[in-house]
Amino acid sequence: LPAIGGSHAYVVTDVDMNASGNLVIIASATAGSSESAGAAAVFKLSGGTWSKLGSDIEGVSILDVNEKLGETVAIHGTYTDDNTNDIKIFVASPNHWKDTTINDEIGKVEYYKYDTSTQAWSLKHTLYGQQSRYKFGLSMSLSEDSNYLAIADRLRVKIYEHDSSSDTYEVVEMPNTAGVGNTLSAAYSATSTGNRYGSSIAISNAGSAIVGAPFADSQVGSVELWKCGNGASLDMSEACSSGLEIQRRMIAVDTEFTPPSSFTFGPVRDTNKQ
């Protein structure tokens with residue numbers, strides 16, 4: 001394995017590759033200058049050889065607690081020898097402490113872009129969880145066009161949309177009749193974090209999402225499909241920005257999962273780890 005965080009000895013916790021196959025991000029929540037602080041590195045393929053692009057991104061420790069940077073990662077963009085400005089990476093640190101008081105293990109996801117002038121990764125935006133010990137960033141999915149980003153903690157999923165004017169990701173307020181607002185949560189009573197809602201996520205270019213909760217409903221498990229438009233349809237290609245209400249449809253709520261014969265979802269990038 002290539003050195004990450006100054007060491008060749010680590011356990012890979014997540015990887016992701018761009019659509020063109022010439023960029024890969026490798027992450028380890030156990031690497032870095034401090035054990036389990038975490039580290040991530042990007043490698044490019046040029047002239048038949050893989051080499052590191054920019055410096056490693058390393059996690060930190062707060063109050064002797066390591067944030068486990070690199071639990072989940074995502075990458076978007078295409079490497080060319082003369083232009084790498086469009087390369088984005090997303091790195092999650094679910095054990096991150098935002099401060100030294102009550103926000104223990106609140107979690108964060110950092111968005112970086114490669115800067116060709118400095119040949120380094122530039123931090124553009126940091127997204128934080130909202131509840132202590134919920135470990136925001138346990139799983140994550142980036143749409144194929146990188147316009148939408150879905151991030152889960154131990155109980156819920158939030159969807160963010162890219163704001164091109166500020167180059168940040170802002171939480172989506174989704175119109176709906178059930179009062180979902182900006183959070184997707186399980187249809188079953190959420191009395192604890194035991195249902196592992198959001199253990200896996202996939203999000204499309206339209207902002208529609210599929211969310212898995214393997215321990216929901218007394219560990220029977222469930223898969224929820226969130227989409228705009230006709231809630232009885234499995235066509236997920238209609239954009240939520242059209243103002244249509246978002247709908248929840250359960251497509252697996254029994255001891256035996258019978259998948260739908262077909263549905264339209266569109267391009268998706270999925271980088272989940274829990």
# chains A, B, ... in the order shown; residues from 1 in each chain; ligands from 1

$ residues_around --residues "stretch 38-55 of chain A" --least-positions-apart "2" --cutoff "6 Å" --atoms "only C-alpha atoms" --output "JSON, numbers by chain"
{"A": [5, 22, 23, 24, 25, 26, 27, 28, 29, 30, 31, 32, 36, 57, 58, 59, 68, 69, 70, 119, 120]}

$ residues_around --residues "stretch 123-140 of chain A" --least-positions-apart "2" --cutoff "8 Å" --atoms "only C-alpha atoms" --output "PDB file with N, CA, C and O atoms, in the first residue's frame"
ATOM      1  N   GLU A  71     -13.467   7.801   7.429  1.00  0.00           N
ATOM      2  CA  GLU A  71     -14.417   6.693   7.579  1.00  0.00           C
ATOM      3  C   GLU A  71     -15.191   6.487   6.278  1.00  0.00           C
ATOM      4  O   GLU A  71     -15.447   5.355   5.857  1.00  0.00           O
ATOM      5  N   THR A  72     -15.582   7.594   5.625  1.00  0.00           N
ATOM      6  CA  THR A  72     -16.178   7.545   4.292  1.00  0.00           C
ATOM      7  C   THR A  72     -15.601   8.692   3.470  1.00  0.00           C
ATOM      8  O   THR A  72     -15.265   9.757   3.996  1.00  0.00           O
ATOM      9  N   VAL A  73     -15.493   8.487   2.152  1.00  0.00           N
ATOM     10  CA  VAL A  73     -14.939   9.495   1.254  1.00  0.00           C
ATOM     11  C   VAL A  73     -15.688   9.474  -0.074  1.00  0.00           C
ATOM     12  O   VAL A  73     -16.368   8.499  -0.403  1.00  0.00           O
ATOM     13  N   ALA A  74     -15.549  10.551  -0.842  1.00  0.00           N
ATOM     14  CA  ALA A  74     -16.108  10.626  -2.184  1.00  0.00           C
ATOM     15  C   ALA A  74     -15.212  11.527  -3.020  1.00  0.00           C
ATOM     16  O   ALA A  74     -14.567  12.440  -2.502  1.00  0.00           O
ATOM     17  N   ALA A  92     -15.149  12.365   5.477  1.00  0.00           N
ATOM     18  CA  ALA A  92     -15.960  12.363   6.696  1.00  0.00           C
ATOM     19  C   ALA A  92     -15.133  11.976   7.908  1.00  0.00           C
ATOM     20  O   ALA A  92     -14.266  11.099   7.838  1.00  0.00           O
ATOM     21  N   SER A  93     -15.429  12.629   9.031  1.00  0.00           N
ATOM     22  CA  SER A  93     -14.803  12.329  10.331  1.00  0.00           C
ATOM     23  C   SER A  93     -15.907  12.175  11.364  1.00  0.00           C
ATOM     24  O   SER A  93     -16.245  13.117  12.087  1.00  0.00           O
ATOM     25  N   PRO A  94     -16.537  10.994  11.462  1.00  0.00           N
ATOM     26  CA  PRO A  94     -17.704  10.838  12.337  1.00  0.00           C
ATOM     27  C   PRO A  94     -17.417  10.994  13.824  1.00  0.00           C
ATOM     28  O   PRO A  94     -18.325  11.271  14.594  1.00  0.00           O
ATOM     29  N   ASN A  95     -16.174  10.828  14.265  1.00  0.00           N
ATOM     30  CA  ASN A  95     -15.841  10.957  15.680  1.00  0.00           C
ATOM     31  C   ASN A  95     -15.405  12.368  16.068  1.00  0.00           C
ATOM     32  O   ASN A  95     -14.989  12.601  17.201  1.00  0.00           O
ATOM     33  N   HIS A  96     -15.518  13.306  15.146  1.00  0.00           N
ATOM     34  CA  HIS A  96     -15.018  14.662  15.399  1.00  0.00           C
ATOM     35  C   HIS A  96     -15.772  15.357  16.535  1.00  0.00           C
ATOM     36  O   HIS A  96     -16.993  15.269  16.630  1.00  0.00           O
ATOM     37  N   LYS A  98     -16.636  19.026  17.793  1.00  0.00           N
ATOM     38  CA  LYS A  98     -16.636  20.403  17.280  1.00  0.00           C
ATOM     39  C   LYS A  98     -16.039  21.379  18.279  1.00  0.00           C
ATOM     40  O   LYS A  98     -15.437  22.382  17.920  1.00  0.00           O
ATOM     41  N   ILE A 102     -19.858  20.178  24.865  1.00  0.00           N
ATOM     42  CA  ILE A 102     -20.961  19.227  24.740  1.00  0.00           C
ATOM     43  C   ILE A 102     -21.007  18.513  23.399  1.00  0.00           C
ATOM     44  O   ILE A 102     -21.780  17.574  23.238  1.00  0.00           O
ATOM     45  N   ASN A 103     -20.225  18.953  22.435  1.00  0.00           N
ATOM     46  CA  ASN A 103     -20.378  18.415  21.085  1.00  0.00           C
ATOM     47  C   ASN A 103     -19.484  17.220  20.816  1.00  0.00           C
ATOM     48  O   ASN A 103     -18.801  17.138  19.806  1.00  0.00           O
ATOM     49  N   ASP A 104     -19.453  16.261  21.738  1.00  0.00           N
ATOM     50  CA  ASP A 104     -18.613  15.104  21.551  1.00  0.00           C
ATOM     51  C   ASP A 104     -19.148  14.194  20.453  1.00  0.00           C
ATOM     52  O   ASP A 104     -20.333  13.893  20.406  1.00  0.00           O
ATOM     53  N   GLU A 105     -18.255  13.769  19.563  1.00  0.00           N
ATOM     54  CA  GLU A 105     -18.598  12.875  18.458  1.00  0.00           C
ATOM     55  C   GLU A 105     -19.783  13.384  17.643  1.00  0.00           C
ATOM     56  O   GLU A 105     -20.656  12.629  17.229  1.00  0.00           O
ATOM     57  N   ILE A 106     -19.780  14.670  17.390  1.00  0.00           N
ATOM     58  CA  ILE A 106     -20.858  15.254  16.585  1.00  0.00           C
ATOM     59  C   ILE A 106     -20.649  14.942  15.111  1.00  0.00           C
ATOM     60  O   ILE A 106     -21.596  14.792  14.361  1.00  0.00           O
ATOM     61  N   GLY A 107     -19.387  14.827  14.690  1.00  0.00           N
ATOM     62  CA  GLY A 107     -19.063  14.441  13.323  1.00  0.00           C
ATOM     63  C   GLY A 107     -19.015  15.619  12.359  1.00  0.00           C
ATOM     64  O   GLY A 107     -19.640  16.657  12.576  1.00  0.00           O
ATOM     65  N   LYS A 108     -18.248  15.446  11.289  1.00  0.00           N
ATOM     66  CA  LYS A 108     -18.152  16.482  10.260  1.00  0.00           C
ATOM     67  C   LYS A 108     -17.800  15.850   8.921  1.00  0.00           C
ATOM     68  O   LYS A 108     -17.287  14.735   8.837  1.00  0.00           O
ATOM     69  N   VAL A 109     -18.095  16.600   7.843  1.00  0.00           N
ATOM     70  CA  VAL A 109     -17.678  16.246   6.488  1.00  0.00           C
ATOM     71  C   VAL A 109     -17.020  17.472   5.881  1.00  0.00           C
ATOM     72  O   VAL A 109     -17.608  18.562   5.877  1.00  0.00           O
ATOM     73  N   GLU A 110     -15.802  17.306   5.372  1.00  0.00           N
ATOM     74  CA  GLU A 110     -15.066  18.410   4.778  1.00  0.00           C
ATOM     75  C   GLU A 110     -15.048  18.276   3.256  1.00  0.00           C
ATOM     76  O   GLU A 110     -14.865  17.185   2.714  1.00  0.00           O
ATOM     77  N   TYR A 111     -15.244  19.408   2.592  1.00  0.00           N
ATOM     78  CA  TYR A 111     -15.225  19.476   1.131  1.00  0.00           C
ATOM     79  C   TYR A 111     -13.970  20.222   0.697  1.00  0.00           C
ATOM     80  O   TYR A 111     -13.745  21.367   1.090  1.00  0.00           O
ATOM     81  N   TYR A 112     -13.135  19.553  -0.100  1.00  0.00           N
ATOM     82  CA  TYR A 112     -11.888  20.132  -0.599  1.00  0.00           C
ATOM     83  C   TYR A 112     -11.921  20.193  -2.130  1.00  0.00           C
ATOM     84  O   TYR A 112     -12.571  19.370  -2.783  1.00  0.00           O
ATOM     85  N   LYS A 113     -11.162  21.151  -2.670  1.00  0.00           N
ATOM     86  CA  LYS A 113     -10.958  21.228  -4.110  1.00  0.00           C
ATOM     87  C   LYS A 113      -9.459  21.385  -4.373  1.00  0.00           C
ATOM     88  O   LYS A 113      -8.761  22.073  -3.622  1.00  0.00           O
ATOM     89  N   TRP A 121      -4.599  20.722  -1.653  1.00  0.00           N
ATOM     90  CA  TRP A 121      -6.040  20.652  -1.455  1.00  0.00           C
ATOM     91  C   TRP A 121      -6.498  21.854  -0.638  1.00  0.00           C
ATOM     92  O   TRP A 121      -5.945  22.139   0.420  1.00  0.00           O
ATOM     93  N   LEU A 142     -22.594  10.801  -3.066  1.00  0.00           N
ATOM     94  CA  LEU A 142     -22.473  11.980  -3.925  1.00  0.00           C
ATOM     95  C   LEU A 142     -23.119  11.660  -5.266  1.00  0.00           C
ATOM     96  O   LEU A 142     -22.857  10.611  -5.859  1.00  0.00           O
ATOM     97  N   LEU A 149     -25.386  15.969  -2.322  1.00  0.00           N
ATOM     98  CA  LEU A 149     -24.606  15.189  -1.370  1.00  0.00           C
ATOM     99  C   LEU A 149     -25.530  14.749  -0.247  1.00  0.00           C
ATOM    100  O   LEU A 149     -26.197  15.578   0.374  1.00  0.00           O
ATOM    101  N   ALA A 150     -25.607  13.456   0.004  1.00  0.00           N
ATOM    102  CA  ALA A 150     -26.409  12.917   1.104  1.00  0.00           C
ATOM    103  C   ALA A 150     -25.470  12.400   2.187  1.00  0.00           C
ATOM    104  O   ALA A 150     -24.519  11.671   1.892  1.00  0.00           O
ATOM    105  N   ILE A 151     -25.730  12.795   3.444  1.00  0.00           N
ATOM    106  CA  ILE A 151     -24.878  12.413   4.563  1.00  0.00           C
ATOM    107  C   ILE A 151     -25.754  11.868   5.690  1.00  0.00           C
ATOM    108  O   ILE A 151     -26.778  12.468   6.030  1.00  0.00           O
ATOM    109  N   ALA A 152     -25.329  10.763   6.283  1.00  0.00           N
ATOM    110  CA  ALA A 152     -26.097  10.142   7.366  1.00  0.00           C
ATOM    111  C   ALA A 152     -25.320  10.190   8.668  1.00  0.00           C
ATOM    112  O   ALA A 152     -24.088  10.120   8.690  1.00  0.00           O
ATOM    113  N   ASP A 153     -26.077  10.315   9.769  1.00  0.00           N
ATOM    114  CA  ASP A 153     -25.512  10.040  11.087  1.00  0.00           C
ATOM    115  C   ASP A 153     -26.129   8.719  11.568  1.00  0.00           C
ATOM    116  O   ASP A 153     -26.523   7.890  10.744  1.00  0.00           O
ATOM    117  N   ARG A 154     -26.246   8.515  12.844  1.00  0.00           N
ATOM    118  CA  ARG A 154     -26.731   7.222  13.343  1.00  0.00           C
ATOM    119  C   ARG A 154     -28.251   7.065  13.247  1.00  0.00           C
ATOM    120  O   ARG A 154     -28.773   5.988  13.539  1.00  0.00           O
ATOM    121  N   LEU A 155     -28.967   8.104  12.860  1.00  0.00           N
ATOM    122  CA  LEU A 155     -30.427   8.019  12.896  1.00  0.00           C
ATOM    123  C   LEU A 155     -31.130   8.679  11.720  1.00  0.00           C
ATOM    124  O   LEU A 155     -32.297   8.428  11.495  1.00  0.00           O
ATOM    125  N   ASP A 167     -19.650  28.176  -3.809  1.00  0.00           N
ATOM    126  CA  ASP A 167     -18.921  26.910  -3.831  1.00  0.00           C
ATOM    127  C   ASP A 167     -19.004  26.214  -2.473  1.00  0.00           C
ATOM    128  O   ASP A 167     -18.005  25.765  -1.914  1.00  0.00           O
ATOM    129  N   THR A 168     -20.237  26.141  -1.951  1.00  0.00           N
ATOM    130  CA  THR A 168     -20.506  25.440  -0.707  1.00  0.00           C
ATOM    131  C   THR A 168     -21.676  24.490  -0.928  1.00  0.00           C
ATOM    132  O   THR A 168     -22.336  24.519  -1.975  1.00  0.00           O
ATOM    133  N   TYR A 169     -21.940  23.649   0.059  1.00  0.00           N
ATOM    134  CA  TYR A 169     -23.085  22.739   0.002  1.00  0.00           C
ATOM    135  C   TYR A 169     -24.067  23.138   1.091  1.00  0.00           C
ATOM    136  O   TYR A 169     -23.713  23.181   2.271  1.00  0.00           O
ATOM    137  N   GLY A 198     -29.842   4.913   7.413  1.00  0.00           N
ATOM    138  CA  GLY A 198     -28.816   5.580   6.627  1.00  0.00           C
ATOM    139  C   GLY A 198     -27.515   4.814   6.549  1.00  0.00           C
ATOM    140  O   GLY A 198     -26.498   5.360   6.120  1.00  0.00           O
ATOM    141  N   SER A 199     -27.519   3.532   6.960  1.00  0.00           N
ATOM    142  CA  SER A 199     -26.304   2.730   6.838  1.00  0.00           C
ATOM    143  C   SER A 199     -25.800   2.700   5.409  1.00  0.00           C
ATOM    144  O   SER A 199     -24.597   2.617   5.161  1.00  0.00           O
ATOM    145  N   SER A 200     -26.726   2.752   4.473  1.00  0.00           N
ATOM    146  CA  SER A 200     -26.358   2.864   3.059  1.00  0.00           C
ATOM    147  C   SER A 200     -27.277   3.891   2.410  1.00  0.00           C
ATOM    148  O   SER A 200     -28.461   3.990   2.753  1.00  0.00           O
ATOM    149  N   ILE A 201     -26.696   4.674   1.491  1.00  0.00           N
ATOM    150  CA  ILE A 201     -27.443   5.729   0.814  1.00  0.00           C
ATOM    151  C   ILE A 201     -27.030   5.749  -0.647  1.00  0.00           C
ATOM    152  O   ILE A 201     -25.878   5.486  -0.982  1.00  0.00           O
ATOM    153  N   ASP A 270     -22.056   6.247  -5.037  1.00  0.00           N
ATOM    154  CA  ASP A 270     -22.408   5.756  -3.715  1.00  0.00           C
ATOM    155  C   ASP A 270     -21.136   5.439  -2.940  1.00  0.00           C
ATOM    156  O   ASP A 270     -20.345   4.627  -3.377  1.00  0.00           O
ATOM    157  N   THR A 271     -20.924   6.116  -1.822  1.00  0.00           N
ATOM    158  CA  THR A 271     -19.732   5.843  -1.003  1.00  0.00           C
ATOM    159  C   THR A 271     -20.173   5.681   0.437  1.00  0.00           C
ATOM    160  O   THR A 271     -20.223   6.628   1.188  1.00  0.00           O
ATOM    161  N   ASN A 272     -20.499   4.479   0.800  1.00  0.00           N
ATOM    162  CA  ASN A 272     -21.101   4.227   2.110  1.00  0.00           C
ATOM    163  C   ASN A 272     -20.214   3.335   2.951  1.00  0.00           C
ATOM    164  O   ASN A 272     -19.639   2.382   2.475  1.00  0.00           O
ATOM    165  N   LYS A 273     -20.156   3.666   4.227  1.00  0.00           N
ATOM    166  CA  LYS A 273     -19.391   2.851   5.163  1.00  0.00           C
ATOM    167  C   LYS A 273     -19.964   3.037   6.536  1.00  0.00           C
ATOM    168  O   LYS A 273     -20.050   4.163   7.026  1.00  0.00           O
ATOM    169  N   GLN A 274     -20.397   1.977   7.167  1.00  0.00           N
ATOM    170  CA  GLN A 274     -20.871   2.066   8.562  1.00  0.00           C
ATOM    171  C   GLN A 274     -20.606   0.791   9.271  1.00  0.00           C
ATOM    172  O   GLN A 274     -20.776  -0.262   8.712  1.00  0.00           O
TER     173      GLN A 274
END

$ closest_residue --among "A:Ser165, A:Ser117, A:Thr80, A:Ser61" --to "A:Ala37" --atoms "only C-alpha atoms"
A:Ser61

$ atom_distance --atom1 "atom CA of A:Ser141" --atom2 "atom CA of A:Ile203"
6.1 Å

$ atom_distance --atom1 "atom CA of A:Tyr148" --atom2 "atom CA of A:Gly77"
14.3 Å

$ select_by_dssp --residues "stretch 36-134 of chain A" --states "strand (DSSP E or B)" --output "number ranges by chain"
A: 38-46, 49-52, 57-58, 61-62, 65-66, 69, 73-76, 80, 83, 88-93, 107-115, 120-128

$ atom_distance --atom1 "atom CA of A:Ser122" --atom2 "atom CA of A:Thr78"
16.9 Å
